[in-house]
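Novice: To be precise about what I am sending: the file is called structure38.cif and holds mmCIF, C-alpha atoms.
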data_protein
loop_
_atom_site.group_PDB
_atom_site.id
_atom_site.type_symbol
_atom_site.label_atom_id
_atom_site.label_comp_id
_atom_site.auth_asym_id
_atom_site.auth_seq_id
_atom_site.Cartn_x
_atom_site.Cartn_y
_atom_site.Cartn_z
ATOM 1 C CA MET A 284 3.915 6.202 -32.225
ATOM 2 C CA ALA A 285 0.403 6.749 -30.865
ATOM 3 C CA ALA A 286 -0.096 6.292 -27.132
ATOM 4 C CA LYS A 287 -1.458 2.904 -26.148
ATOM 5 C CA GLU A 288 -5.100 3.076 -25.096
ATOM 6 C CA PRO A 289 -5.756 0.754 -22.138
ATOM 7 C CA LEU A 290 -8.884 -1.358 -22.031
ATOM 8 C CA VAL A 291 -10.995 -0.181 -19.083
ATOM 9 C CA ILE A 292 -12.742 -2.981 -17.184
ATOM 10 C CA THR A 293 -15.071 -2.439 -14.241
ATOM 11 C CA ALA A 294 -16.693 -5.871 -13.765
ATOM 12 C CA LYS A 295 -15.015 -8.687 -11.849
ATOM 13 C CA ASP A 296 -16.182 -11.424 -14.206
ATOM 14 C CA GLU A 297 -15.022 -9.518 -17.273
ATOM 15 C CA MET A 298 -11.624 -8.947 -15.718
ATOM 16 C CA ARG A 299 -11.197 -12.610 -14.855
ATOM 17 C CA LYS A 300 -12.370 -13.652 -18.328
ATOM 18 C CA TRP A 301 -9.805 -11.372 -19.997
ATOM 19 C CA SER A 302 -6.966 -12.677 -17.840
ATOM 20 C CA ARG A 303 -7.810 -16.307 -18.496
ATOM 21 C CA LYS A 304 -8.033 -15.689 -22.232
ATOM 22 C CA MET A 305 -4.597 -14.026 -22.259
ATOM 23 C CA ARG A 306 -3.011 -16.746 -20.153
ATOM 24 C CA SER A 307 -4.490 -19.405 -22.451
ATOM 25 C CA GLN A 308 -2.490 -17.731 -25.210
ATOM 26 C CA GLY A 309 0.710 -18.138 -23.214
ATOM 27 C CA LYS A 310 0.867 -14.518 -22.038
ATOM 28 C CA SER A 311 2.030 -13.654 -18.519
ATOM 29 C CA ILE A 312 0.275 -10.898 -16.589
ATOM 30 C CA GLY A 313 1.752 -8.315 -14.277
ATOM 31 C CA LEU A 314 -0.483 -6.502 -11.786
ATOM 32 C CA VAL A 315 0.192 -3.088 -10.268
ATOM 33 C CA PRO A 316 -2.428 -2.403 -7.542
ATOM 34 C CA THR A 317 -3.056 1.309 -6.883
ATOM 35 C CA MET A 318 -5.630 3.593 -5.301
ATOM 36 C CA GLY A 319 -5.308 6.077 -8.143
ATOM 37 C CA TYR A 320 -4.124 9.693 -8.189
ATOM 38 C CA LEU A 321 -1.046 8.322 -9.888
ATOM 39 C CA HIS A 322 2.418 9.849 -9.729
ATOM 40 C CA GLN A 323 5.841 8.941 -11.056
ATOM 41 C CA GLY A 324 6.279 6.366 -8.316
ATOM 42 C CA HIS A 325 3.312 4.391 -9.616
ATOM 43 C CA LEU A 326 4.602 4.667 -13.169
ATOM 44 C CA SER A 327 7.946 3.247 -12.056
ATOM 45 C CA LEU A 328 6.097 0.191 -10.707
ATOM 46 C CA ILE A 329 4.564 -0.315 -14.146
ATOM 47 C CA GLN A 330 7.965 -0.072 -15.773
ATOM 48 C CA GLU A 331 9.255 -2.702 -13.360
ATOM 49 C CA ALA A 332 6.291 -4.961 -14.150
ATOM 50 C CA HIS A 333 7.123 -4.728 -17.859
ATOM 51 C CA LYS A 334 10.447 -6.429 -17.144
ATOM 52 C CA HIS A 335 8.699 -9.523 -15.785
ATOM 53 C CA SER A 336 5.483 -9.993 -17.772
ATOM 54 C CA HIS A 337 3.971 -9.711 -21.254
ATOM 55 C CA LEU A 338 0.840 -7.784 -20.265
ATOM 56 C CA ILE A 339 0.142 -5.146 -17.620
ATOM 57 C CA VAL A 340 -2.982 -4.644 -15.522
ATOM 58 C CA VAL A 341 -3.229 -1.570 -13.302
ATOM 59 C CA SER A 342 -6.004 -1.620 -10.731
ATOM 60 C CA ILE A 343 -7.443 1.660 -9.463
ATOM 61 C CA TYR A 344 -9.550 1.173 -6.363
ATOM 62 C CA VAL A 345 -9.723 3.213 -3.168
ATOM 63 C CA ASN A 346 -10.257 0.412 -0.681
ATOM 64 C CA PRO A 347 -12.651 1.296 2.161
ATOM 65 C CA GLY A 348 -11.632 -1.873 3.989
ATOM 66 C CA GLN A 349 -8.277 -0.377 5.006
ATOM 67 C CA PHE A 350 -9.683 2.872 6.381
ATOM 68 C CA SER A 351 -11.334 3.332 9.740
ATOM 69 C CA PRO A 352 -14.215 5.849 9.851
ATOM 70 C CA SER A 353 -11.927 8.455 11.453
ATOM 71 C CA GLU A 354 -9.366 8.322 8.625
ATOM 72 C CA ASP A 355 -9.134 10.147 5.308
ATOM 73 C CA LEU A 356 -11.158 7.906 2.974
ATOM 74 C CA SER A 357 -13.526 10.731 1.968
ATOM 75 C CA THR A 358 -10.671 13.114 1.188
ATOM 76 C CA TYR A 359 -8.361 10.672 -0.572
ATOM 77 C CA PRO A 360 -7.457 12.403 -3.860
ATOM 78 C CA SER A 361 -8.716 11.120 -7.208
ATOM 79 C CA ASP A 362 -8.315 12.112 -10.855
ATOM 80 C CA PHE A 363 -9.270 9.270 -13.181
ATOM 81 C CA HIS A 364 -8.866 11.320 -16.367
ATOM 82 C CA GLY A 365 -5.404 12.427 -15.274
ATOM 83 C CA ASP A 366 -4.532 8.858 -14.322
ATOM 84 C CA MET A 367 -5.475 7.605 -17.797
ATOM 85 C CA LEU A 368 -3.294 10.236 -19.444
ATOM 86 C CA LYS A 369 -0.344 9.230 -17.269
ATOM 87 C CA LEU A 370 -0.848 5.540 -17.994
ATOM 88 C CA LYS A 371 -0.798 6.247 -21.732
ATOM 89 C CA SER A 372 2.582 7.953 -21.291
ATOM 90 C CA VAL A 373 4.300 4.884 -19.818
ATOM 91 C CA PRO A 374 6.768 3.259 -22.232
ATOM 92 C CA GLY A 375 5.200 -0.012 -23.347
ATOM 93 C CA GLY A 376 1.829 1.152 -22.125
ATOM 94 C CA VAL A 377 -0.781 -0.554 -19.985
ATOM 95 C CA ASP A 378 -3.116 -3.232 -21.332
ATOM 96 C CA VAL A 379 -5.972 -3.053 -18.836
ATOM 97 C CA VAL A 380 -7.124 -0.596 -16.203
ATOM 98 C CA PHE A 381 -9.312 -2.442 -13.718
ATOM 99 C CA CYS A 382 -11.426 0.073 -11.831
ATOM 100 C CA PRO A 383 -14.305 -1.661 -10.037
ATOM 101 C CA LYS A 384 -16.916 0.456 -8.344
ATOM 102 C CA ASN A 385 -17.332 -1.568 -5.158
ATOM 103 C CA LEU A 386 -15.589 -4.851 -4.426
ATOM 104 C CA TYR A 387 -17.643 -5.321 -1.262
ATOM 105 C CA ASP A 388 -21.051 -5.216 -2.934
ATOM 106 C CA TYR A 389 -22.474 -8.737 -2.974
ATOM 107 C CA ASN A 390 -26.090 -7.825 -3.791
ATOM 108 C CA ASN A 391 -27.220 -8.959 -0.344
ATOM 109 C CA ASP A 392 -30.938 -9.046 0.238
ATOM 110 C CA SER A 393 -32.518 -6.112 2.031
ATOM 111 C CA ASP A 394 -33.035 -8.018 5.295
ATOM 112 C CA GLU A 395 -29.335 -8.836 5.545
ATOM 113 C CA LYS A 396 -28.362 -5.239 4.868
ATOM 114 C CA GLN A 397 -30.832 -3.959 7.416
ATOM 115 C CA LYS A 398 -29.507 -6.331 10.085
ATOM 116 C CA ASN A 399 -25.944 -5.153 9.493
ATOM 117 C CA LYS A 400 -26.978 -1.523 9.426
ATOM 118 C CA ASN A 401 -29.070 -1.607 12.587
ATOM 119 C CA GLY A 402 -27.368 -4.189 14.727
ATOM 120 C CA ASN A 403 -23.914 -4.695 13.197
ATOM 121 C CA GLU A 404 -24.489 -8.386 13.885
ATOM 122 C CA ASN A 405 -21.534 -9.333 11.715
ATOM 123 C CA LEU A 406 -19.193 -7.438 14.033
ATOM 124 C CA GLY A 407 -19.985 -9.605 17.012
ATOM 125 C CA ALA A 408 -18.239 -12.538 15.364
ATOM 126 C CA GLY A 409 -14.854 -10.906 15.197
ATOM 127 C CA GLY A 410 -15.305 -7.752 13.136
ATOM 128 C CA GLY A 411 -12.840 -4.910 13.472
ATOM 129 C CA ASP A 412 -9.500 -5.253 15.227
ATOM 130 C CA GLY A 413 -10.865 -6.833 18.409
ATOM 131 C CA ASN A 414 -10.787 -3.507 20.244
ATOM 132 C CA GLY A 415 -13.936 -1.998 18.797
ATOM 133 C CA VAL A 416 -12.198 -0.375 15.816
ATOM 134 C CA VAL A 417 -13.923 -1.195 12.532
ATOM 135 C CA SER A 418 -13.313 -0.354 8.897
ATOM 136 C CA CYS A 419 -15.519 1.785 6.685
ATOM 137 C CA VAL A 420 -16.790 -1.435 5.093
ATOM 138 C CA GLU A 421 -18.166 -2.726 8.390
ATOM 139 C CA GLU A 422 -19.514 0.651 9.422
ATOM 140 C CA LYS A 423 -21.669 0.731 6.275
ATOM 141 C CA GLY A 424 -22.957 -2.783 6.898
ATOM 142 C CA SER A 425 -22.066 -4.344 3.545
ATOM 143 C CA GLY A 426 -22.272 -7.876 4.932
ATOM 144 C CA HIS A 427 -18.601 -8.574 4.261
ATOM 145 C CA GLU A 428 -17.153 -10.589 7.145
ATOM 146 C CA THR A 429 -14.127 -12.477 5.789
ATOM 147 C CA TRP A 430 -10.727 -10.931 6.403
ATOM 148 C CA VAL A 431 -7.135 -11.953 5.712
ATOM 149 C CA ARG A 432 -4.588 -11.242 8.432
ATOM 150 C CA VAL A 433 -0.841 -11.650 8.567
ATOM 151 C CA GLU A 434 -0.955 -11.707 12.301
ATOM 152 C CA ARG A 435 2.545 -10.880 13.500
ATOM 153 C CA LEU A 436 3.871 -8.662 10.712
ATOM 154 C CA GLU A 437 0.806 -6.397 10.869
ATOM 155 C CA LYS A 438 1.192 -5.514 14.550
ATOM 156 C CA GLY A 439 4.101 -3.070 14.611
ATOM 157 C CA LEU A 440 4.965 0.143 12.778
ATOM 158 C CA CYS A 441 1.828 1.428 10.968
ATOM 159 C CA GLY A 442 -0.266 -1.334 12.525
ATOM 160 C CA ARG A 443 -0.083 0.298 15.964
ATOM 161 C CA SER A 444 -1.883 3.486 14.997
ATOM 162 C CA ARG A 445 -3.946 2.010 12.120
ATOM 163 C CA PRO A 446 -5.307 -1.248 13.582
ATOM 164 C CA VAL A 447 -7.603 -2.197 10.674
ATOM 165 C CA PHE A 448 -5.255 -1.072 7.913
ATOM 166 C CA PHE A 449 -3.242 -4.178 7.066
ATOM 167 C CA ARG A 450 -6.199 -6.493 7.515
ATOM 168 C CA GLY A 451 -7.931 -4.398 4.873
ATOM 169 C CA VAL A 452 -4.869 -4.354 2.615
ATOM 170 C CA ALA A 453 -4.304 -8.114 2.784
ATOM 171 C CA THR A 454 -7.987 -8.763 2.096
ATOM 172 C CA ILE A 455 -8.297 -6.448 -0.912
ATOM 173 C CA VAL A 456 -5.039 -7.694 -2.415
ATOM 174 C CA THR A 457 -6.294 -11.260 -2.015
ATOM 175 C CA LYS A 458 -9.495 -10.283 -3.812
ATOM 176 C CA LEU A 459 -7.537 -8.609 -6.611
ATOM 177 C CA PHE A 460 -5.304 -11.668 -6.972
ATOM 178 C CA HIS A 461 -8.369 -13.901 -7.317
ATOM 179 C CA ILE A 462 -9.968 -11.571 -9.858
ATOM 180 C CA VAL A 463 -6.965 -10.626 -12.016
ATOM 181 C CA GLU A 464 -5.025 -13.900 -11.580
ATOM 182 C CA PRO A 465 -1.606 -12.317 -12.259
ATOM 183 C CA ASP A 466 1.730 -14.062 -12.522
ATOM 184 C CA VAL A 467 3.593 -11.097 -11.025
ATOM 185 C CA ALA A 468 2.541 -8.216 -8.781
ATOM 186 C CA VAL A 469 4.642 -5.143 -8.054
ATOM 187 C CA PHE A 470 4.491 -3.089 -4.847
ATOM 188 C CA GLY A 471 6.467 -0.004 -3.873
ATOM 189 C CA LYS A 472 8.944 -0.209 -1.027
ATOM 190 C CA LYS A 473 7.765 3.127 0.337
ATOM 191 C CA ASP A 474 5.036 1.057 1.963
ATOM 192 C CA TYR A 475 7.690 -1.321 3.271
ATOM 193 C CA GLN A 476 5.572 -3.109 5.845
ATOM 194 C CA GLN A 477 2.792 -3.589 3.303
ATOM 195 C CA TRP A 478 5.247 -5.133 0.800
ATOM 196 C CA ARG A 479 6.566 -7.578 3.393
ATOM 197 C CA ILE A 480 3.051 -8.472 4.555
ATOM 198 C CA ILE A 481 1.957 -9.275 1.004
ATOM 199 C CA GLN A 482 5.090 -11.359 0.462
ATOM 200 C CA ARG A 483 4.354 -13.342 3.619
ATOM 201 C CA MET A 484 0.678 -13.753 2.746
ATOM 202 C CA VAL A 485 1.537 -15.087 -0.713
ATOM 203 C CA ARG A 486 4.024 -17.521 0.799
ATOM 204 C CA ASP A 487 1.734 -18.734 3.558
ATOM 205 C CA LEU A 488 -1.362 -19.132 1.370
ATOM 206 C CA ASP A 489 0.474 -20.659 -1.617
ATOM 207 C CA PHE A 490 -0.435 -18.059 -4.200
ATOM 208 C CA ALA A 491 1.405 -18.796 -7.454
ATOM 209 C CA ILE A 492 2.365 -15.142 -7.808
ATOM 210 C CA GLU A 493 5.788 -13.509 -7.697
ATOM 211 C CA ILE A 494 5.813 -10.416 -5.469
ATOM 212 C CA LEU A 495 8.314 -7.750 -6.435
ATOM 213 C CA GLY A 496 9.346 -4.711 -4.404
ATOM 214 C CA SER A 497 10.268 -1.580 -6.338
ATOM 215 C CA GLU A 498 12.543 1.114 -4.938
ATOM 216 C CA ILE A 499 11.143 4.374 -3.570
ATOM 217 C CA THR A 500 10.729 7.184 -6.072
ATOM 218 C CA ARG A 501 11.610 10.614 -4.716
ATOM 219 C CA ASP A 502 11.285 14.102 -6.082
ATOM 220 C CA SER A 503 14.397 16.157 -6.785
ATOM 221 C CA ASN A 504 14.773 17.295 -3.168
ATOM 222 C CA GLY A 505 14.315 13.848 -1.654
ATOM 223 C CA LEU A 506 10.657 13.773 -0.599
ATOM 224 C CA ALA A 507 9.174 10.314 -1.136
ATOM 225 C CA LEU A 508 6.377 10.540 -3.698
ATOM 226 C CA SER A 509 2.904 9.946 -2.290
ATOM 227 C CA SER A 510 -0.617 10.699 -3.462
ATOM 228 C CA ARG A 511 -1.179 12.414 -0.104
ATOM 229 C CA ASN A 512 1.574 14.969 -0.819
ATOM 230 C CA VAL A 513 -1.035 17.000 -2.694
ATOM 231 C CA HIS A 514 -2.549 17.930 0.691
ATOM 232 C CA LEU A 515 0.721 19.479 1.940
ATOM 233 C CA SER A 516 1.035 23.255 1.879
ATOM 234 C CA PRO A 517 4.276 24.602 0.344
ATOM 235 C CA GLU A 518 5.578 25.271 3.853
ATOM 236 C CA GLU A 519 4.634 21.796 5.088
ATOM 237 C CA ARG A 520 6.198 20.209 2.011
ATOM 238 C CA GLN A 521 9.469 21.958 2.794
ATOM 239 C CA LYS A 522 9.338 20.873 6.431
ATOM 240 C CA ALA A 523 8.549 17.280 5.421
ATOM 241 C CA LEU A 524 11.964 17.035 3.762
ATOM 242 C CA SER A 525 13.271 16.508 7.296
ATOM 243 C CA ILE A 526 12.098 12.881 7.075
ATOM 244 C CA SER A 527 14.269 11.843 4.135
ATOM 245 C CA ARG A 528 17.156 13.964 5.390
ATOM 246 C CA SER A 529 17.066 12.301 8.810
ATOM 247 C CA LEU A 530 16.983 8.857 7.175
ATOM 248 C CA SER A 531 19.931 9.677 4.930
ATOM 249 C CA LYS A 532 21.839 11.037 7.937
ATOM 250 C CA ALA A 533 21.142 7.835 9.890
ATOM 251 C CA LYS A 534 22.270 5.642 7.007
ATOM 252 C CA ALA A 535 25.512 7.604 6.650
ATOM 253 C CA ALA A 536 26.147 7.412 10.396
ATOM 254 C CA ALA A 537 25.574 3.641 10.384
ATOM 255 C CA LYS A 538 28.040 3.255 7.533
ATOM 256 C CA GLU A 539 30.552 5.157 9.667
ATOM 257 C CA GLY A 540 30.091 2.750 12.567
ATOM 258 C CA GLN A 541 27.201 4.213 14.586
ATOM 259 C CA VAL A 542 25.194 1.035 15.060
ATOM 260 C CA LYS A 543 23.318 1.813 18.298
ATOM 261 C CA CYS A 544 19.722 2.243 17.200
ATOM 262 C CA ARG A 545 18.640 4.394 20.129
ATOM 263 C CA GLU A 546 21.056 7.153 19.123
ATOM 264 C CA LEU A 547 20.094 6.948 15.454
ATOM 265 C CA LYS A 548 16.383 7.121 16.252
ATOM 266 C CA ASP A 549 16.758 9.970 18.732
ATOM 267 C CA SER A 550 18.656 12.027 16.167
ATOM 268 C CA ALA A 551 15.993 11.470 13.511
ATOM 269 C CA ILE A 552 13.155 12.272 15.908
ATOM 270 C CA LEU A 553 14.876 15.498 16.948
ATOM 271 C CA THR A 554 15.406 16.560 13.330
ATOM 272 C CA ILE A 555 11.764 15.961 12.399
ATOM 273 C CA THR A 556 10.216 17.525 15.507
ATOM 274 C CA GLN A 557 12.425 20.604 15.178
ATOM 275 C CA ALA A 558 11.072 20.959 11.636
ATOM 276 C CA GLY A 559 7.525 20.959 12.982
ATOM 277 C CA GLY A 560 6.599 17.318 12.471
ATOM 278 C CA ARG A 561 4.765 15.050 14.922
ATOM 279 C CA ILE A 562 6.244 11.569 15.148
ATOM 280 C CA ASP A 563 3.968 8.541 14.883
ATOM 281 C CA TYR A 564 6.898 6.154 15.013
ATOM 282 C CA ALA A 565 10.600 5.919 14.203
ATOM 283 C CA GLU A 566 11.775 2.315 14.259
ATOM 284 C CA ILE A 567 14.777 0.381 13.011
ATOM 285 C CA VAL A 568 13.709 -3.165 12.220
ATOM 286 C CA ASP A 569 14.999 -6.316 10.573
ATOM 287 C CA GLN A 570 14.300 -6.195 6.836
ATOM 288 C CA GLU A 571 12.663 -9.625 6.769
ATOM 289 C CA ASN A 572 10.748 -10.115 10.012
ATOM 290 C CA LEU A 573 10.268 -6.404 10.890
ATOM 291 C CA LYS A 574 11.323 -6.984 14.498
ATOM 292 C CA SER A 575 12.896 -3.998 16.241
ATOM 293 C CA VAL A 576 16.637 -4.191 16.764
ATOM 294 C CA GLU A 577 18.784 -2.402 19.325
ATOM 295 C CA GLU A 578 22.022 -2.660 17.375
ATOM 296 C CA ILE A 579 22.614 -2.964 13.647
ATOM 297 C CA LYS A 580 24.287 -6.282 12.951
ATOM 298 C CA GLY A 581 22.665 -7.143 9.620
ATOM 299 C CA PRO A 582 20.263 -5.759 7.004
ATOM 300 C CA VAL A 583 17.743 -3.402 8.617
ATOM 301 C CA VAL A 584 15.274 -0.775 7.485
ATOM 302 C CA PHE A 585 14.706 2.520 9.262
ATOM 303 C CA CYS A 586 10.963 3.281 9.045
ATOM 304 C CA ILE A 587 9.396 6.616 9.975
ATOM 305 C CA ALA A 588 5.831 7.903 10.048
ATOM 306 C CA ALA A 589 5.214 11.547 10.899
ATOM 307 C CA TRP A 590 2.471 14.146 10.640
ATOM 308 C CA PHE A 591 2.925 17.508 8.999
ATOM 309 C CA GLY A 592 -0.237 19.493 9.436
ATOM 310 C CA LYS A 593 -3.100 17.085 8.724
ATOM 311 C CA VAL A 594 -1.027 14.823 6.477
ATOM 312 C CA ARG A 595 0.545 11.602 7.704
ATOM 313 C CA LEU A 596 3.650 10.664 5.705
ATOM 314 C CA ILE A 597 5.689 7.471 5.752
ATOM 315 C CA ASP A 598 9.211 6.867 4.495
ATOM 316 C CA ASN A 599 12.013 4.416 5.041
ATOM 317 C CA MET A 600 15.561 3.608 4.085
ATOM 318 C CA GLU A 601 17.264 0.227 3.946
ATOM 319 C CA ILE A 602 20.608 0.030 5.719
ATOM 320 C CA ASP A 603 23.045 -2.739 4.864
ATOM 321 C CA ILE A 604 26.414 -2.634 6.572
#
Spell out the structure here as structure tokens.

Specialist:
Amino acid sequence: MAAKEPLVITAKDEMRKWSRKMRSQGKSIGLVPTMGYLHQGHLSLIQEAHKHSHLIVVSIYVNPGQFSPSEDLSTYPSDFHGDMLKLKSVPGGVDVVFCPKNLYDYNNDSDEKQKNKNGNENLGAGGGDGNGVVSCVEEKGSGHETWVRVERLEKGLCGRSRPVFFRGVATIVTKLFHIVEPDVAVFGKKDYQQWRIIQRMVRDLDFAIEILGSEITRDSNGLALSSRNVHLSPEERQKALSISRSLSKAKAAAKEGQVKCRELKDSAILTITQAGGRIDYAEIVDQENLKSVEEIKGPVVFCIAAWFGKVRLIDNMEIDI
């Protein structure tokens, strides 16, 4: 059987028109949002979406709204041709690849753009995170000034060191939901906090969309798949295995009755730092509300972010005892 050739759509109106036509025919739509440079983890999300919908839309968009100017937007890997080949290989295929050029381009008049560029007037009304940190969207003065925030869930874990990140994620996902109008959307649990934030946003804002979390895909030695792994040297890649190993060790210890979180976290931190990693955070939190716990009494998730060289990696493991 020949590989399925996805329809490539770049315009918002065309994407919305396609979705509405399909839904008028009684077809359900599953959305898998990505930033491209696809790997097997992304393909597993598509396979999960196939179980819940008739048609599949994969979005490829590197969102400047979730990066601050000091982060790795300019070096985020991309390979559209390679992505298309991978999408064709997925059993059942992909119906549409939505790859807009700029979802923050509103064709503002030149005066508006000049005001934002010179004076950043839009920032004075609440731009950035409230502490002077802005996203790449605001830095470039696009005129965009409406943001979606899930105020409590965004504060901990990755939100501490990346203060504009989840605001940018929630906003771009909202935009994609309005454009694609899916029935189902699938997110990977590797970005655990992101998955929970999108779930909460959909609940609170009454989106008629089912949010599914798909399990982490790992390579054969346990490293969680990530587009950023391409930036790891062979030596750093080997050292980064300490993250998944420390999580597995903590889960096994909890199953054996070690439920004091301080000891579990200290052990993981020691394992990773001895391997050459720099810890951003190591937290054991409630699976639903993401609040830190001191003792495991119910379902928790152990979340870790660590740097190896210039690459920041995140991983987690659910623990149910």

Novice: Can you work out the spacing between CA of Val420 in chain A and CA of Ser509 in chain A in Å, to one decimal?

Specialist: 23.9 Å

Novice: Between A:Ile567, A:Leu321, A:Val456, A:Ile343, which is the closest to Ile492 in chain A once you count all atoms listed in the file?

Specialist: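 For Ile492 in chain A, the nearest of the candidates is A:Val456.
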
Novice: CA of Thr500 in chain A to CA of Ser351 in chain A: how many Å, to one decimal?

Specialist: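 Between CA of Thr500 in chain A and CA of Ser351 in chain A the gap is 27.4 Å.
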
Novice: Could you check which of A:Asp388, A:Asp366, A:Glu434, A:Glu546 is closest to Pro347 in chain A, using all atoms listed in the file?

Specialist: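 Once distances to Pro347 in chain A are computed over all atoms listed in the file, the minimum belongs to A:Asp388.
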
Novice: Selection in question (the file shown): the PyMOL selection byres ((chain A and resi 359) around 9). Which residues does it include, as JSON, numbers by chain?

Specialist: {"A": [318, 320, 345, 355, 356, 357, 358, 360, 361, 510, 511]}

Novice: Using all atoms listed in the file, what does the table of range 338-390 of chain A residues within 12 Å of range 442-446 of chain A look like, with each row giving the shortest atom pair and its distance in Å to one decimal, sorted by chain and ascending number, as a tab-separated table?

Specialist:
residue	atom	partner	partner_atom	distance
A:Gly348	CA	A:Pro446	CA	11.5
A:Gln349	CA	A:Arg445	CA	8.7
A:Phe350	CA	A:Arg445	CA	8.2
A:Ser351	CA	A:Arg445	CA	7.9
A:Pro352	CA	A:Arg445	CA	11.2
A:Ser353	CA	A:Arg445	CA	10.3
A:Glu354	CA	A:Arg445	CA	9.0
A:Asp355	CA	A:Arg445	CA	11.8

Novice: Counting only C-alpha atoms, which residue out of A:Gln308, A:Ser336, A:Gln330, A:Ser342 sits closest to Glu493 in chain A?

Specialist: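 For Glu493 in chain A, the nearest of the candidates is A:Ser336.
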
Novice: For a quick check of understanding, using all atoms listed in the file, which of A:Val447, A:Leu440, A:Cys544, A:Leu459 has the smallest distance to Val417 in chain A?

Specialist: A:Val447

Novice: Expand the PyMOL selection byres ((chain A and resi 576) around 12) into the explicit residue set it covers here, and present it as a list in words.

Specialist: Val542, Lys543, Cys544, Arg545, Leu547, Lys548, Glu566, Ile567, Val568, Asp569, Gln570, Asn572, Leu573, Lys574, Ser575, Glu577, Glu578, Ile579, Lys580, Gly581, Pro582, Val583, Val584 and Phe585 of chain A

Novice: Using only C-alpha atoms, pick whichever of A:Arg432, A:His514, A:Arg520, A:Arg501 has the shortest atom-to-atom distance to Gly451 in chain A.

Specialist: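 Checking each of A:Arg432, A:His514, A:Arg520, A:Arg501 against Gly451 in chain A, counting only C-alpha atoms, the winner is A:Arg432.
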
Novice: Using all atoms listed in the file, give me every residue within 8 Å of (19.0, 17.9, 10.4) in file coordinates, as a JSON list (two decimals) with C-alpha atoms, in the coordinates of the input.

Specialist:
[["chain", "number", "residue", "atom", "x", "y", "z"],
["A", 525, "SER", "CA", 13.27, 16.51, 7.30],
["A", 528, "ARG", "CA", 17.16, 13.96, 5.39],
["A", 529, "SER", "CA", 17.07, 12.30, 8.81],
["A", 532, "LYS", "CA", 21.84, 11.04, 7.94],
["A", 551, "ALA", "CA", 15.99, 11.47, 13.51],
["A", 554, "THR", "CA", 15.41, 16.56, 13.33],
["A", 555, "ILE", "CA", 11.76, 15.96, 12.40]]

Novice: State, in Å with one decimal place, the distance from CA of Pro383 in chain A to CA of Lys295 in chain A.

Specialist: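 Rounded to one decimal, the two atoms are 7.3 Å apart.
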
Novice: With distances taken over only C-alpha atoms, which of A:Phe363, A:Tyr475, A:Lys534, A:Lys458 is nearest to Cys441 in chain A?

Specialist: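 With only C-alpha atoms as the atom set, the closest residue is A:Tyr475.
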
Novice: Assuming 6 Å of padding per side, give the centre and edge lengths of the axis-aligned box around every listed atom of range 542-561 of chain A, in Å to one decimal and as JSON.

Specialist:
{"center_x": 15.0, "center_y": 11.0, "center_z": 15.9, "size_x": 32.4, "size_y": 31.9, "size_z": 20.5}

Novice: Neighbouring residues of range 586-601 of chain A were defined as those with any atom within 6 Å, considering all atoms listed in the file; residues of the same chain fewer than 3 positions away were excluded. Please report them as a list in words.

Specialist: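 What passes the distance filter is Lys473, Gly560, Arg561, Ile562, Asp563, Tyr564, Ala565, Glu566 and Val583 of chain A.
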
Novice: Mind telling me what the PyMOL selection byres ((chain A and resi 494) around 8) catches here, as a VMD selection string?

Specialist: chain A and resid 467 to 470 481 to 482 485 492 to 493 495 to 496

Novice: Could you dump the residues just selected with C-alpha atoms as a PDB file, in the frame of the given file?

Specialist:
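Written out: result_28.pdb:
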ATOM      1  CA  VAL A 467       3.593 -11.097 -11.025  1.00  0.00           C
ATOM      2  CA  ALA A 468       2.541  -8.216  -8.781  1.00  0.00           C
ATOM      3  CA  VAL A 469       4.642  -5.143  -8.054  1.00  0.00           C
ATOM      4  CA  PHE A 470       4.491  -3.089  -4.847  1.00  0.00           C
ATOM      5  CA  ILE A 481       1.957  -9.275   1.004  1.00  0.00           C
ATOM      6  CA  GLN A 482       5.090 -11.359   0.462  1.00  0.00           C
ATOM      7  CA  VAL A 485       1.537 -15.087  -0.713  1.00  0.00           C
ATOM      8  CA  ILE A 492       2.365 -15.142  -7.808  1.00  0.00           C
ATOM      9  CA  GLU A 493       5.788 -13.509  -7.697  1.00  0.00           C
ATOM     10  CA  LEU A 495       8.314  -7.750  -6.435  1.00  0.00           C
ATOM     11  CA  GLY A 496       9.346  -4.711  -4.404  1.00  0.00           C
TER      12      GLY A 496
END

Novice: Applying 12 Å and all atoms listed in the file, which residues near Met298 in chain A remain after dropping the ones on its own chain fewer than 2 positions away? List them as a list in words.

Specialist: Leu290, Val291, Ile292, Thr293, Ala294, Lys295, Asp296, Lys300, Trp301, Ser302, Arg303, Lys304, Met305, Val340, Val341, Ser342, Asp378, Val379, Val380, Phe381, Cys382, Pro383, Leu459, Phe460, His461, Ile462, Val463, Glu464 and Pro465 of chain A
